[in-house]
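Let me begin by presenting the structure, written as structure tokens, before commenting on it.
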Amino acid sequence: MTQAGTIASDHNQVTAGQGRMLQLEIFRFNPADPNSQPHMQVFELEETPGMTLFIALSLIREEQDPSLQFDFVCRAGICGSCGMLIDGRPALACRTLTQSLGSCVRLAPLPIFELIGDLSVNTGKWMRGMSERLQTWVPIPADVDLDSLEQPMEPQLAEQIYELERCIECGCCVSGCGTAIMHEQFVGAVGLNKIARFRLDPRDGRSDADYFELIGTDEGIFGCMSLMGCQDVCPKNLPLQTQLAFLRRKMLIAGVTD
Ligand code: SF4
Ligand code: SF4
Ligand code: FES
């Protein structure tokens with residue numbers, strides 16, 4: 001039986017207030033350095049109450065190795081910069097408490113994305129490419145009247161759009177997706193979720209036939225194998241399963257009636 005004040009973890013037990021020694025095994029590689037070879041490097045540090053992986057990595061960079069590369073901006077699960085493989089699972093470093101992990105943790109960069117160095121990947125470049133291919137914006141007609149009044153939107157519809165708009169483009173769903181690993185051009189759950197979002201938007205005049213042109217392929221909705229790795233790892237708990245199934249049905253109909 002666990003005693004009061006004691007935290008049980010997979011690998012060991014610690015008394016609250018007494019720091020465990022953590023071992024962080026971190027992927028190291030600098031593609032810009034011809035002498036750099038991919039390898040794992042182990043760092044040790046003492047756990048402190050409320051420590052997140054972001055805090056642990058920052059301490060390592062400050063106190064042990066200033067060359068360690070990883071990304072962060074907001075430290076609050078908002079910017080989507082700090083996605084990485086934590087014990088093999090895509091997640092945000094700033095939202096992962098070390099006490100939720102064992103005392104030995106393996107960290108690696110998100111696969112699929114271009115590696116900048118160590119744990120840092122270029123999700124922005126991937127997201128921009130996906131966004132341009134899917135045209136993830138509201139098309140504005142050439143004769144738009146810039147002086148016209150904004151049109152009100154039903155609060156319920158605005159809520160539905162907002163629910164899907166919560167995506168922070170962290171890339172976790174792409175890195176956790178078997179199809180994305182096999183098909184370089186697959187737009188991922190993040191791209192399909194964006195189409196679902198714009199499809200709801202009354203300012204977006206595109207029809208399902210137009211959306212079919214964008215995602216009615218194996219690099220779009222028909223490449224998805226519906227295994228839902230994306231929803232399992234999405235740190236914002238977006239309803240990807242529902243959206244992808246709905247979109248598949250709509251695109252099947254659009255493909256048949258086209
Ligand atoms: S459900 Fe589709 S998008 Fe999500 S992880 Fe599986 S193949 Fe990828
Ligand atoms: S859908 Fe979820 S996992 Fe995918 S990029 Fe958006 S927030 Fe990240
Ligand atoms: S630092 Fe912004 S999401 Fe983690």
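Ordering of the structure tokens sets the chain letters (A, B, ...); residue numbers start at 1 within each chain; ligands are numbered from 1 in the order shown.
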Protein and nucleic residues near ligand 1, 12 Å, only C-alpha atoms and all ligand atoms, as a ChimeraX atom specification: /A:90,171-183,186-193,218-234,238-245,247-248
Taking N, CA and C atoms for each residue, export the selection above as a compact mmCIF listing (two decimals), in the first residue's frame.
# COMPACT_ATOMS: atom_id res chain seq x y z
N PRO A 90 4.70 10.95 -29.22
CA PRO A 90 4.72 12.40 -29.45
C PRO A 90 3.94 13.14 -28.36
N GLY A 171 2.29 19.24 -34.53
CA GLY A 171 2.84 18.16 -35.33
C GLY A 171 2.78 16.79 -34.67
N CYS A 172 2.28 16.70 -33.45
CA CYS A 172 2.25 15.40 -32.77
C CYS A 172 1.42 14.39 -33.55
N CYS A 173 0.27 14.83 -34.11
CA CYS A 173 -0.59 13.90 -34.84
C CYS A 173 0.10 13.38 -36.10
N VAL A 174 0.94 14.20 -36.71
CA VAL A 174 1.65 13.78 -37.92
C VAL A 174 2.72 12.75 -37.56
N SER A 175 3.43 13.02 -36.48
CA SER A 175 4.50 12.10 -36.08
C SER A 175 3.95 10.79 -35.55
N GLY A 176 2.70 10.78 -35.09
CA GLY A 176 2.11 9.54 -34.58
C GLY A 176 1.31 8.79 -35.63
N CYS A 177 1.44 9.20 -36.90
CA CYS A 177 0.57 8.67 -37.95
C CYS A 177 1.34 7.74 -38.89
N GLY A 178 0.86 6.49 -39.01
CA GLY A 178 1.51 5.51 -39.88
C GLY A 178 1.47 5.93 -41.34
N THR A 179 0.37 6.55 -41.77
CA THR A 179 0.26 6.97 -43.17
C THR A 179 1.28 8.06 -43.48
N ALA A 180 1.47 8.99 -42.55
CA ALA A 180 2.42 10.09 -42.79
C ALA A 180 3.84 9.55 -42.94
N ILE A 181 4.13 8.44 -42.25
CA ILE A 181 5.47 7.85 -42.37
C ILE A 181 5.64 7.21 -43.76
N MET A 182 4.53 6.63 -44.28
CA MET A 182 4.63 5.95 -45.58
C MET A 182 4.50 6.91 -46.76
N HIS A 183 3.63 7.94 -46.62
CA HIS A 183 3.39 8.88 -47.73
C HIS A 183 3.90 10.26 -47.34
N PHE A 186 1.34 13.09 -47.44
CA PHE A 186 0.08 12.98 -46.70
C PHE A 186 -0.13 14.23 -45.83
N VAL A 187 -1.34 14.78 -45.87
CA VAL A 187 -1.57 16.06 -45.20
C VAL A 187 -1.82 15.92 -43.69
N GLY A 188 -1.99 14.68 -43.22
CA GLY A 188 -2.10 14.45 -41.78
C GLY A 188 -3.44 14.89 -41.21
N ALA A 189 -3.65 14.48 -39.97
CA ALA A 189 -4.89 14.87 -39.29
C ALA A 189 -4.97 16.38 -39.14
N VAL A 190 -3.80 17.02 -38.99
CA VAL A 190 -3.81 18.48 -38.83
C VAL A 190 -4.39 19.15 -40.08
N GLY A 191 -4.02 18.65 -41.28
CA GLY A 191 -4.53 19.22 -42.53
C GLY A 191 -6.00 18.90 -42.72
N LEU A 192 -6.37 17.67 -42.44
CA LEU A 192 -7.77 17.27 -42.63
C LEU A 192 -8.67 18.02 -41.64
N ASN A 193 -8.17 18.23 -40.43
CA ASN A 193 -8.94 19.00 -39.45
C ASN A 193 -9.15 20.44 -39.94
N ASP A 218 -5.12 9.67 -52.00
CA ASP A 218 -4.42 8.92 -50.95
C ASP A 218 -3.51 9.83 -50.11
N GLU A 219 -3.24 11.02 -50.62
CA GLU A 219 -2.46 11.97 -49.81
C GLU A 219 -3.38 12.82 -48.95
N GLY A 220 -4.66 12.61 -49.13
CA GLY A 220 -5.68 13.31 -48.34
C GLY A 220 -6.50 12.31 -47.54
N ILE A 221 -7.80 12.48 -47.57
CA ILE A 221 -8.67 11.71 -46.68
C ILE A 221 -8.64 10.20 -46.97
N PHE A 222 -8.40 9.80 -48.22
CA PHE A 222 -8.44 8.36 -48.53
C PHE A 222 -7.13 7.64 -48.19
N GLY A 223 -6.11 8.39 -47.78
CA GLY A 223 -4.89 7.75 -47.30
C GLY A 223 -4.98 7.39 -45.84
N CYS A 224 -5.90 8.02 -45.13
CA CYS A 224 -6.04 7.81 -43.69
C CYS A 224 -6.58 6.41 -43.42
N MET A 225 -5.91 5.69 -42.51
CA MET A 225 -6.30 4.30 -42.21
C MET A 225 -7.22 4.21 -41.00
N SER A 226 -7.61 5.35 -40.45
CA SER A 226 -8.59 5.40 -39.35
C SER A 226 -8.14 4.67 -38.09
N LEU A 227 -6.84 4.58 -37.86
CA LEU A 227 -6.39 3.88 -36.65
C LEU A 227 -6.33 4.82 -35.44
N MET A 228 -6.48 6.08 -35.69
CA MET A 228 -6.65 7.09 -34.65
C MET A 228 -5.46 7.31 -33.74
N GLY A 229 -4.25 7.01 -34.24
CA GLY A 229 -3.06 7.39 -33.48
C GLY A 229 -3.04 8.89 -33.26
N CYS A 230 -3.58 9.63 -34.24
CA CYS A 230 -3.57 11.10 -34.16
C CYS A 230 -4.36 11.60 -32.96
N GLN A 231 -5.56 11.06 -32.81
CA GLN A 231 -6.39 11.53 -31.68
C GLN A 231 -5.77 11.14 -30.34
N ASP A 232 -5.15 9.95 -30.30
CA ASP A 232 -4.54 9.49 -29.05
C ASP A 232 -3.45 10.44 -28.56
N VAL A 233 -2.72 11.08 -29.50
CA VAL A 233 -1.57 11.90 -29.07
C VAL A 233 -1.85 13.40 -29.13
N CYS A 234 -3.01 13.81 -29.63
CA CYS A 234 -3.27 15.26 -29.77
C CYS A 234 -3.34 15.91 -28.38
N LEU A 238 -8.40 17.32 -29.67
CA LEU A 238 -9.32 17.66 -30.76
C LEU A 238 -10.10 16.41 -31.18
N PRO A 239 -11.36 16.58 -31.58
CA PRO A 239 -12.19 15.41 -31.94
C PRO A 239 -11.84 14.91 -33.34
N LEU A 240 -10.62 14.47 -33.53
CA LEU A 240 -10.14 14.11 -34.87
C LEU A 240 -10.89 12.91 -35.44
N GLN A 241 -11.19 11.95 -34.57
CA GLN A 241 -11.87 10.74 -35.04
C GLN A 241 -13.19 11.10 -35.72
N THR A 242 -14.00 11.90 -35.05
CA THR A 242 -15.30 12.30 -35.59
C THR A 242 -15.13 13.10 -36.88
N GLN A 243 -14.20 14.04 -36.87
CA GLN A 243 -14.03 14.91 -38.03
C GLN A 243 -13.56 14.15 -39.25
N LEU A 244 -12.61 13.23 -39.04
CA LEU A 244 -12.06 12.48 -40.18
C LEU A 244 -13.12 11.54 -40.76
N ALA A 245 -13.91 10.91 -39.88
CA ALA A 245 -14.95 9.99 -40.37
C ALA A 245 -16.01 10.78 -41.15
N LEU A 247 -15.65 13.70 -42.67
CA LEU A 247 -15.06 14.22 -43.91
C LEU A 247 -14.95 13.10 -44.95
N ARG A 248 -14.60 11.90 -44.50
CA ARG A 248 -14.49 10.78 -45.44
C ARG A 248 -15.84 10.52 -46.10
Surrounding residues as a list in words, ligand 3, max 7 Å, only C-alpha atoms and all ligand atoms: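 The neighbouring residues of ligand 3 are, in order, Phe72, Val73, Cys74, Arg75, Ala76, Gly77, Ile78, Cys79, Gly80, Ser81, Cys82, Gly83, Leu92, Ala93, Cys94 and Arg95 of chain A.
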Mind writing the picked residues with N, CA and C atoms as a compact mmCIF listing (two decimals), in the first residue's frame?
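The resulting result.txt:
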# COMPACT_ATOMS: atom_id res chain seq x y z
N PHE A 72 10.97 25.96 -27.76
CA PHE A 72 9.86 26.34 -26.90
C PHE A 72 9.59 27.82 -27.10
N VAL A 73 8.38 28.25 -26.84
CA VAL A 73 8.07 29.68 -26.84
C VAL A 73 7.19 29.99 -25.63
N CYS A 74 6.00 29.38 -25.59
CA CYS A 74 5.00 29.81 -24.60
C CYS A 74 5.15 29.12 -23.26
N ARG A 75 5.65 27.91 -23.21
CA ARG A 75 5.77 27.07 -22.01
C ARG A 75 4.42 26.74 -21.41
N ALA A 76 3.36 26.86 -22.19
CA ALA A 76 2.01 26.68 -21.63
C ALA A 76 1.09 25.90 -22.57
N GLY A 77 1.65 25.11 -23.48
CA GLY A 77 0.81 24.29 -24.36
C GLY A 77 0.01 25.10 -25.37
N ILE A 78 0.52 26.27 -25.76
CA ILE A 78 -0.24 27.14 -26.66
C ILE A 78 0.45 27.30 -28.02
N CYS A 79 1.77 27.39 -28.02
CA CYS A 79 2.46 27.72 -29.29
C CYS A 79 2.74 26.49 -30.15
N GLY A 80 2.77 25.30 -29.56
CA GLY A 80 3.00 24.07 -30.32
C GLY A 80 4.46 23.84 -30.69
N SER A 81 5.40 24.55 -30.08
CA SER A 81 6.81 24.46 -30.48
C SER A 81 7.55 23.26 -29.89
N CYS A 82 7.10 22.77 -28.75
CA CYS A 82 7.97 21.87 -27.97
C CYS A 82 7.61 20.40 -28.13
N GLY A 83 6.94 20.04 -29.24
CA GLY A 83 6.63 18.63 -29.47
C GLY A 83 7.90 17.82 -29.64
N LEU A 92 4.00 17.20 -25.84
CA LEU A 92 4.59 18.52 -25.59
C LEU A 92 5.48 18.46 -24.35
N ALA A 93 6.72 18.91 -24.47
CA ALA A 93 7.63 18.89 -23.32
C ALA A 93 7.16 19.81 -22.20
N CYS A 94 6.54 20.94 -22.59
CA CYS A 94 6.16 21.91 -21.55
C CYS A 94 4.93 21.46 -20.77
N ARG A 95 4.19 20.47 -21.28
CA ARG A 95 2.99 19.99 -20.60
C ARG A 95 3.22 18.60 -19.99
DSSP helix (DSSP H, G or I) residues within stretch 71-242 of chain A, listed as a count of residues only: 70
Non-local contacts of A:Thr98 (9 Å; only C-alpha atoms; under 5 positions in same chain excluded) as an mmCIF file with C-alpha atoms, in the first residue's frame:
data_model
loop_
_atom_site.group_PDB
_atom_site.id
_atom_site.type_symbol
_atom_site.label_atom_id
_atom_site.label_comp_id
_atom_site.auth_asym_id
_atom_site.auth_seq_id
_atom_site.Cartn_x
_atom_site.Cartn_y
_atom_site.Cartn_z
ATOM 1 C CA LEU A 22 16.493 11.683 -13.399
ATOM 2 C CA GLU A 47 13.942 16.331 -10.025
ATOM 3 C CA THR A 48 12.199 19.268 -8.345
ATOM 4 C CA GLY A 50 6.340 20.406 -10.426
ATOM 5 C CA MET A 51 9.224 19.934 -12.846
ATOM 6 C CA THR A 52 8.227 19.672 -16.500
ATOM 7 C CA LEU A 53 10.415 18.267 -19.234
ATOM 8 C CA ALA A 56 14.518 19.836 -17.084
ATOM 9 C CA SER A 103 13.394 8.033 -13.722
ATOM 10 C CA VAL A 105 13.386 9.077 -20.029
#
Strand (DSSP E or B) call set, DSSP backbone run, stretch 45-188 of chain A, as number ranges by chain: A: 45-46, 52, 83-86, 89-92, 97, 104-108, 114-117, 120-122
